[in-house]
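Asks: The structure is given below, and queries will be raised subsequently.
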Amino acid sequence: MLSFWPSFSLLIVFLVILLECRAIAGRVTLPLGGFLMVFCYGAIGAPVLALLIQQILIGPGTDPFRMMPWLIAPPIEELAKALPVIVLAFLTREARRLSIADLTLIGFASGAGFGFVEGNLNALVNGTLPGFAHLAGLGLETGNGGVFFAGHAVATALVGLAAGIGLRFLPLKIVYAWAPSAFVILWASFDHGIYNWKLLNADSAGALPNAHFAVELLHIASLKGQLATWLLPLGLIIAQFFEAYLCSKAVGQRRDLLLAREWRPWVINEWLVALLRAPLGRAAFGQTLGYFRLRRAFYLASFEARRDPGDPTWTRHAHALEERLKRERSILFDPPPGTWLLPFPVLKTYAAEWAWRMRWVLLFVVLFVLLFLLGPRSLPEWLRQLLYGETFTIAMVSAGLAFAVWRIVLFIRQPRPDPLAAEGAAC
């Protein structure tokens, strides 16, 4: 018998929460598909990385349940989830091409993927699924109403928000840029650890224990774990406002870059223009959204060129984006009408080409996702022993590592995008 729960329901919940945060984060320069890729890392790479590091640190001959859930696991999990933010924000040359909203959503997507896997395991063990309160609170988790955890998505999104603030507003030194993210990782680890500790040490009646006075004081200062959830949307909105203000001062009033029915390059105006163009078809709608993302990238590049005049790369990059915007605006100012659905022969050819490009992903879906949806009791005994045995596990790990190495080699062989003409999404 097929069982789509909890996987399907949890996937819908985290997708809705991701769209909630996307609605708040209006000034993005990356397409939605990029965040879905980070979601996959959070669902696969982050849990595997966290488990491996935990096993190494625990070592042989120690009780894994003594301190791991509340002292060892939280900082490891927070660092594993925040790895995409750390790499993109602090280990790449193109970090300042990304907006604050980009880095926040990258962290949110990675944490949402991690929470999706953990929610699956919790549902399998406890049979509980998130409800409306979980959805309205961006994934807020509560324990007996006395202790809270903002959730994996919000905690990592705060790391991304802090990274964006450090890169955009603080002095141009890596020490200053790192400081806000390091503080948020420590804060998220504390909230996560005290949440786990209180729930694991609750008595039979459900009463939560009290920690040391200093620890409880810090816990109260974080509103018992709720502060992070409410700080994320508020901080994201304020940070985007100041980012937009600084970018507008650097660029000025560029009415030559506005589309029809735009009076200002505001996010709410962009959404209105995009909705008005929806009847023109999929191409006009998608290209209009892409134009808005490219224009935000140009504004960011212009601000960084003014902020760092000693680096001529920013000026050349902003000029290249400006020329590209002018070319695209000449086409998108009054786009021709189209359709949302392609003609059937074209759609059939496109679907066949897409299926061939995604053949390995589709094979994985057919063989493993559908198999995962089957309840263990519905499988024959010999098949259960095979799937849950050591031989099959070694074979899957070996195949996964070989596939990963193969894709990494192919990626390295790809030519790098033009650092001047390409926007942040391409880089």
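As shown in the structure tokens, the chain order sets the letters A, B, ...; within each chain, residues go from 1, and ligands are also counted from 1 in the order they appear.
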What are the closest atom pairs, with distances in Å to one decimal, for each residue of segment 257-368 of chain A lying within 10 Å of segment 159-171 of chain A, using only C-alpha atoms, rows by chain and rising residue number, as a tab-separated table?
Replies:
```
residue	atom	partner	partner_atom	distance
A:Leu300	CA	A:Arg168	CA	9.5
A:Phe303	CA	A:Arg168	CA	9.6
A:Glu304	CA	A:Arg168	CA	8.5
A:Arg307	CA	A:Arg168	CA	9.6
```
Asks: Just want the 7 Å neighbourhood of Val85 of chain A, counted on only C-alpha atoms, with same-chain residues fewer than 6 positions away dropped. Output as an MDAnalysis selection string.
Replies: chainID A and resid 103 106:107 160
Asks: What would the file look like if the residues just selected were written as a short mmCIF file (atom, residue, chain, number, x, y, z; two decimals), in the first residue's frame with N, CA, C and O atoms?
Replies:
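Printed below is out_23.cif as written:
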```
data_model
loop_
_atom_site.label_atom_id
_atom_site.label_comp_id
_atom_site.auth_asym_id
_atom_site.auth_seq_id
_atom_site.Cartn_x
_atom_site.Cartn_y
_atom_site.Cartn_z
N LEU A 103 20.93 35.76 0.08
CA LEU A 103 21.62 34.98 1.11
C LEU A 103 20.64 34.48 2.17
O LEU A 103 20.80 33.37 2.68
N ILE A 106 18.83 31.54 0.62
CA ILE A 106 19.74 30.40 0.52
C ILE A 106 19.81 29.66 1.86
O ILE A 106 19.71 28.43 1.92
N GLY A 107 19.95 30.43 2.94
CA GLY A 107 19.94 29.79 4.26
C GLY A 107 18.60 29.17 4.58
O GLY A 107 18.55 28.06 5.14
N GLY A 160 22.00 33.55 7.03
CA GLY A 160 22.10 34.21 5.74
C GLY A 160 21.83 35.70 5.82
O GLY A 160 22.50 36.50 5.17
#
```
Asks: Could you give me, as an MDAnalysis selection string, the residues within 6 Å of segment 315-329 of chain A, counting only C-alpha atoms and dropping anything in the same chain fewer than 3 positions from it?
Replies: chainID A and resid 298 301:302 305 312 332:333 420:421
Asks: Could you tell me which of A:Ala155, A:Leu236, A:Ala221, A:Val147 comes closest to Tyr195 of chain A if we count only C-alpha atoms?
Replies: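 Smallest separation from Tyr195 of chain A among the options: A:Val147.
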Asks: Could you find all residues in segment 232-317 of chain A that DSSP calls alpha helix (DSSP H) from the backbone, and write them as a short mmCIF file (atom, residue, chain, number, x, y, z; two decimals) with N, CA, C and O atoms, in the first residue's frame?
Replies:
```
data_model
loop_
_atom_site.label_atom_id
_atom_site.label_comp_id
_atom_site.auth_asym_id
_atom_site.auth_seq_id
_atom_site.Cartn_x
_atom_site.Cartn_y
_atom_site.Cartn_z
N LEU A 232 13.41 37.40 12.16
CA LEU A 232 13.72 37.14 10.75
C LEU A 232 12.91 38.02 9.80
O LEU A 232 13.50 38.75 8.99
N PRO A 233 11.58 37.98 9.82
CA PRO A 233 10.85 38.84 8.86
C PRO A 233 11.08 40.32 9.09
O PRO A 233 11.23 41.09 8.13
N LEU A 234 11.13 40.72 10.37
CA LEU A 234 11.35 42.14 10.65
C LEU A 234 12.73 42.59 10.19
O LEU A 234 12.88 43.64 9.53
N GLY A 235 13.75 41.83 10.53
CA GLY A 235 15.11 42.19 10.13
C GLY A 235 15.29 42.15 8.62
O GLY A 235 16.00 42.99 8.05
N LEU A 236 14.64 41.20 7.95
CA LEU A 236 14.77 41.09 6.50
C LEU A 236 14.14 42.29 5.80
O LEU A 236 14.71 42.85 4.86
N ILE A 237 12.98 42.71 6.27
CA ILE A 237 12.30 43.86 5.66
C ILE A 237 13.13 45.13 5.86
O ILE A 237 13.32 45.91 4.92
N ILE A 238 13.63 45.35 7.08
CA ILE A 238 14.41 46.56 7.36
C ILE A 238 15.71 46.55 6.57
O ILE A 238 16.11 47.58 5.99
N ALA A 239 16.39 45.41 6.53
CA ALA A 239 17.67 45.33 5.81
C ALA A 239 17.46 45.57 4.32
O ALA A 239 18.28 46.27 3.68
N GLN A 240 16.40 45.03 3.75
CA GLN A 240 16.13 45.27 2.34
C GLN A 240 15.80 46.73 2.06
O GLN A 240 16.15 47.27 1.01
N PHE A 241 15.11 47.37 3.00
CA PHE A 241 14.78 48.78 2.82
C PHE A 241 16.05 49.63 2.73
O PHE A 241 16.19 50.48 1.83
N PHE A 242 16.97 49.41 3.65
CA PHE A 242 18.21 50.19 3.63
C PHE A 242 19.06 49.82 2.42
O PHE A 242 19.74 50.69 1.84
N GLU A 243 19.06 48.55 2.04
CA GLU A 243 19.81 48.15 0.84
C GLU A 243 19.25 48.85 -0.39
O GLU A 243 20.00 49.36 -1.23
N ALA A 244 17.93 48.89 -0.52
CA ALA A 244 17.31 49.57 -1.66
C ALA A 244 17.60 51.06 -1.63
O ALA A 244 17.84 51.68 -2.69
N TYR A 245 17.60 51.66 -0.45
CA TYR A 245 17.86 53.09 -0.32
C TYR A 245 19.29 53.42 -0.77
O TYR A 245 19.51 54.38 -1.54
N LEU A 246 20.26 52.63 -0.33
CA LEU A 246 21.64 52.88 -0.71
C LEU A 246 21.86 52.65 -2.20
O LEU A 246 22.59 53.41 -2.85
N CYS A 247 21.21 51.63 -2.75
CA CYS A 247 21.34 51.38 -4.18
C CYS A 247 20.72 52.50 -5.01
O CYS A 247 21.27 52.91 -6.04
N SER A 248 19.57 53.01 -4.57
CA SER A 248 18.91 54.09 -5.31
C SER A 248 19.75 55.36 -5.26
O SER A 248 19.79 56.13 -6.24
N LYS A 249 20.45 55.62 -4.15
CA LYS A 249 21.33 56.78 -4.07
C LYS A 249 22.52 56.63 -5.02
O LYS A 249 22.98 57.61 -5.60
N ALA A 250 23.00 55.40 -5.16
CA ALA A 250 24.15 55.17 -6.03
C ALA A 250 23.78 55.28 -7.51
O ALA A 250 24.59 55.72 -8.32
N VAL A 251 22.56 54.89 -7.87
CA VAL A 251 22.16 54.85 -9.27
C VAL A 251 21.40 56.12 -9.67
O VAL A 251 21.55 56.64 -10.78
N VAL A 267 9.55 46.85 -5.41
CA VAL A 267 9.17 45.45 -5.55
C VAL A 267 7.67 45.30 -5.77
O VAL A 267 7.23 44.53 -6.63
N ILE A 268 6.86 46.03 -5.02
CA ILE A 268 5.42 45.91 -5.16
C ILE A 268 4.97 46.36 -6.55
O ILE A 268 4.04 45.79 -7.14
N ASN A 269 5.65 47.37 -7.11
CA ASN A 269 5.34 47.80 -8.47
C ASN A 269 5.76 46.75 -9.49
O ASN A 269 5.07 46.53 -10.50
N GLU A 270 6.89 46.10 -9.24
CA GLU A 270 7.34 45.02 -10.14
C GLU A 270 6.34 43.88 -10.16
O GLU A 270 6.03 43.34 -11.23
N TRP A 271 5.85 43.49 -9.00
CA TRP A 271 4.86 42.41 -8.96
C TRP A 271 3.60 42.79 -9.71
O TRP A 271 3.00 41.97 -10.41
N LEU A 272 3.17 44.05 -9.58
CA LEU A 272 1.98 44.50 -10.28
C LEU A 272 2.16 44.45 -11.79
O LEU A 272 1.28 43.97 -12.52
N VAL A 273 3.32 44.91 -12.26
CA VAL A 273 3.59 44.88 -13.70
C VAL A 273 3.64 43.43 -14.20
O VAL A 273 3.12 43.11 -15.28
N ALA A 274 4.27 42.54 -13.43
CA ALA A 274 4.35 41.13 -13.84
C ALA A 274 2.95 40.51 -13.92
O ALA A 274 2.66 39.75 -14.86
N LEU A 275 2.09 40.80 -12.95
CA LEU A 275 0.74 40.25 -12.98
C LEU A 275 -0.05 40.80 -14.18
O LEU A 275 -0.83 40.07 -14.80
N LEU A 276 0.14 42.07 -14.50
CA LEU A 276 -0.56 42.64 -15.65
C LEU A 276 -0.08 42.01 -16.96
O LEU A 276 -0.82 42.02 -17.96
N ARG A 282 3.57 32.86 -21.14
CA ARG A 282 4.64 32.42 -20.24
C ARG A 282 5.95 33.13 -20.53
O ARG A 282 6.69 33.50 -19.62
N ALA A 283 6.26 33.35 -21.82
CA ALA A 283 7.54 33.96 -22.17
C ALA A 283 7.62 35.40 -21.65
O ALA A 283 8.62 35.79 -21.03
N ALA A 284 6.57 36.17 -21.90
CA ALA A 284 6.59 37.57 -21.45
C ALA A 284 6.63 37.66 -19.94
O ALA A 284 7.35 38.49 -19.38
N PHE A 285 5.88 36.80 -19.26
CA PHE A 285 5.84 36.81 -17.80
C PHE A 285 7.20 36.44 -17.21
O PHE A 285 7.74 37.14 -16.34
N GLY A 286 7.79 35.34 -17.69
CA GLY A 286 9.08 34.90 -17.17
C GLY A 286 10.20 35.86 -17.49
O GLY A 286 11.07 36.12 -16.66
N GLN A 287 10.22 36.41 -18.71
CA GLN A 287 11.27 37.35 -19.09
C GLN A 287 11.16 38.66 -18.31
O GLN A 287 12.18 39.30 -18.01
N THR A 288 9.93 39.06 -17.98
CA THR A 288 9.76 40.27 -17.17
C THR A 288 10.33 40.08 -15.78
O THR A 288 11.04 40.95 -15.25
N LEU A 289 10.06 38.93 -15.15
CA LEU A 289 10.63 38.65 -13.84
C LEU A 289 12.16 38.58 -13.92
O LEU A 289 12.86 39.06 -13.02
N GLY A 290 12.68 37.97 -14.98
CA GLY A 290 14.12 37.93 -15.15
C GLY A 290 14.73 39.31 -15.33
O GLY A 290 15.83 39.58 -14.85
N TYR A 291 14.01 40.21 -16.01
CA TYR A 291 14.49 41.58 -16.18
C TYR A 291 14.58 42.30 -14.84
O TYR A 291 15.54 43.02 -14.57
N PHE A 292 13.58 42.09 -13.98
CA PHE A 292 13.60 42.73 -12.66
C PHE A 292 14.77 42.22 -11.83
O PHE A 292 15.43 43.00 -11.12
N ARG A 293 15.04 40.92 -11.89
CA ARG A 293 16.19 40.37 -11.15
C ARG A 293 17.49 40.95 -11.67
O ARG A 293 18.40 41.28 -10.90
N LEU A 294 17.61 41.07 -12.99
CA LEU A 294 18.81 41.63 -13.58
C LEU A 294 18.98 43.10 -13.19
O LEU A 294 20.10 43.56 -12.95
N ARG A 295 17.89 43.84 -13.12
CA ARG A 295 17.97 45.24 -12.75
C ARG A 295 18.42 45.39 -11.30
O ARG A 295 19.19 46.31 -10.96
N ARG A 296 17.94 44.51 -10.42
CA ARG A 296 18.42 44.56 -9.04
C ARG A 296 19.92 44.27 -8.98
O ARG A 296 20.64 44.87 -8.18
N ALA A 297 20.38 43.31 -9.81
CA ALA A 297 21.82 43.02 -9.85
C ALA A 297 22.61 44.23 -10.31
O ALA A 297 23.70 44.51 -9.81
N PHE A 298 22.07 44.98 -11.26
CA PHE A 298 22.74 46.21 -11.73
C PHE A 298 22.79 47.25 -10.62
O PHE A 298 23.82 47.91 -10.42
N TYR A 299 21.70 47.41 -9.88
CA TYR A 299 21.69 48.37 -8.78
C TYR A 299 22.73 47.99 -7.72
O TYR A 299 23.44 48.86 -7.18
N LEU A 300 22.83 46.69 -7.40
CA LEU A 300 23.81 46.24 -6.42
C LEU A 300 25.23 46.48 -6.91
O LEU A 300 26.10 46.93 -6.15
N ALA A 301 25.47 46.18 -8.19
CA ALA A 301 26.81 46.39 -8.74
C ALA A 301 27.17 47.87 -8.73
O ALA A 301 28.33 48.24 -8.45
N SER A 302 26.21 48.73 -9.03
CA SER A 302 26.48 50.18 -9.01
C SER A 302 26.80 50.66 -7.61
O SER A 302 27.70 51.49 -7.41
N PHE A 303 26.07 50.13 -6.63
CA PHE A 303 26.35 50.52 -5.24
C PHE A 303 27.73 50.05 -4.81
O PHE A 303 28.50 50.80 -4.18
N GLU A 304 28.09 48.81 -5.15
CA GLU A 304 29.40 48.29 -4.76
C GLU A 304 30.52 49.02 -5.48
O GLU A 304 31.62 49.19 -4.93
N ALA A 305 30.28 49.48 -6.72
CA ALA A 305 31.29 50.25 -7.44
C ALA A 305 31.53 51.59 -6.75
O ALA A 305 32.67 52.08 -6.68
N ARG A 306 30.46 52.19 -6.26
CA ARG A 306 30.60 53.45 -5.53
C ARG A 306 31.22 53.23 -4.15
O ARG A 306 31.99 54.08 -3.66
N ARG A 307 30.94 52.10 -3.55
CA ARG A 307 31.45 51.80 -2.21
C ARG A 307 32.92 51.42 -2.25
O ARG A 307 33.66 51.71 -1.32
N PRO A 312 38.22 48.45 -10.00
CA PRO A 312 37.53 48.82 -11.26
C PRO A 312 36.63 47.73 -11.81
O PRO A 312 35.83 47.98 -12.71
N THR A 313 36.75 46.49 -11.27
CA THR A 313 35.91 45.40 -11.78
C THR A 313 34.44 45.71 -11.57
O THR A 313 33.60 45.38 -12.41
N TRP A 314 34.10 46.34 -10.44
CA TRP A 314 32.70 46.65 -10.16
C TRP A 314 32.13 47.64 -11.17
O TRP A 314 30.98 47.50 -11.62
N THR A 315 32.91 48.64 -11.54
CA THR A 315 32.43 49.61 -12.52
C THR A 315 32.20 48.96 -13.88
O THR A 315 31.18 49.21 -14.54
N ARG A 316 33.13 48.12 -14.30
CA ARG A 316 32.96 47.44 -15.59
C ARG A 316 31.79 46.46 -15.55
O ARG A 316 31.05 46.32 -16.52
N HIS A 317 31.63 45.79 -14.39
CA HIS A 317 30.50 44.86 -14.24
C HIS A 317 29.17 45.60 -14.31
O HIS A 317 28.23 45.16 -15.00
#
```
Asks: From segment 48-191 of chain A, collect each residue whose DSSP state is strand (DSSP E) and return the set as a PyMOL selection string.
Replies: chain A and resi 141-143+147-149
Asks: So, counting only C-alpha atoms, which residue among A:Glu262, A:Asp418, A:Glu141, A:Asp102 is closest to Gly119 of chain A?
Replies: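 Closest candidate: A:Glu141.
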Asks: Expressed in Å to a single decimal, how great is the separation between atom CA of Gly281 of chain A and atom CA of Leu342 of chain A?
Replies: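 Value for the atom CA of Gly281 of chain A-atom CA of Leu342 of chain A distance: 10.1 Å.
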Asks: What does the distance between atom CA of Ala43 of chain A and atom CA of Leu379 of chain A come to in Å, to one decimal place?
Replies: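 About the pair atom CA of Ala43 of chain A and atom CA of Leu379 of chain A: they are 25.4 Å apart.
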Asks: Can you work out the spacing between atom CA of Gly151 of chain A and atom CA of Ile174 of chain A in Å, to one decimal?
Replies: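 Distance reported for this atom pair: 28.2 Å.
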Asks: I'd like the neighbourhood of Glu78 of chain A as a count of residues only, where a residue qualifies if any of its atoms comes within 8 Å (using only C-alpha atoms), though same-chain residues fewer than 3 positions away should be ignored.
Replies: 10
Asks: Using only C-alpha atoms, which of A:Leu387, A:Ala153, A:Leu79, A:Ile44 sits nearest Ala182 of chain A?
Replies: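 Result for the nearest residue to Ala182 of chain A: A:Leu79.
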Asks: Choose the residue, out of A:Asp256, A:Pro335, A:Gly34, A:Ala73, that has the smallest atom-to-atom separation from Ile58 of chain A; count only C-alpha atoms.
Replies: A:Ala73
Asks: Quick one: everything within 12 Å of Glu216 of chain A, counting only C-alpha atoms, minus sequence neighbours fewer than 6 positions away in the same chain. Send it as a VMD selection string.
Replies: chain A and resid 146 to 147 190 to 191 194 to 195 198 209 to 210 222 to 225
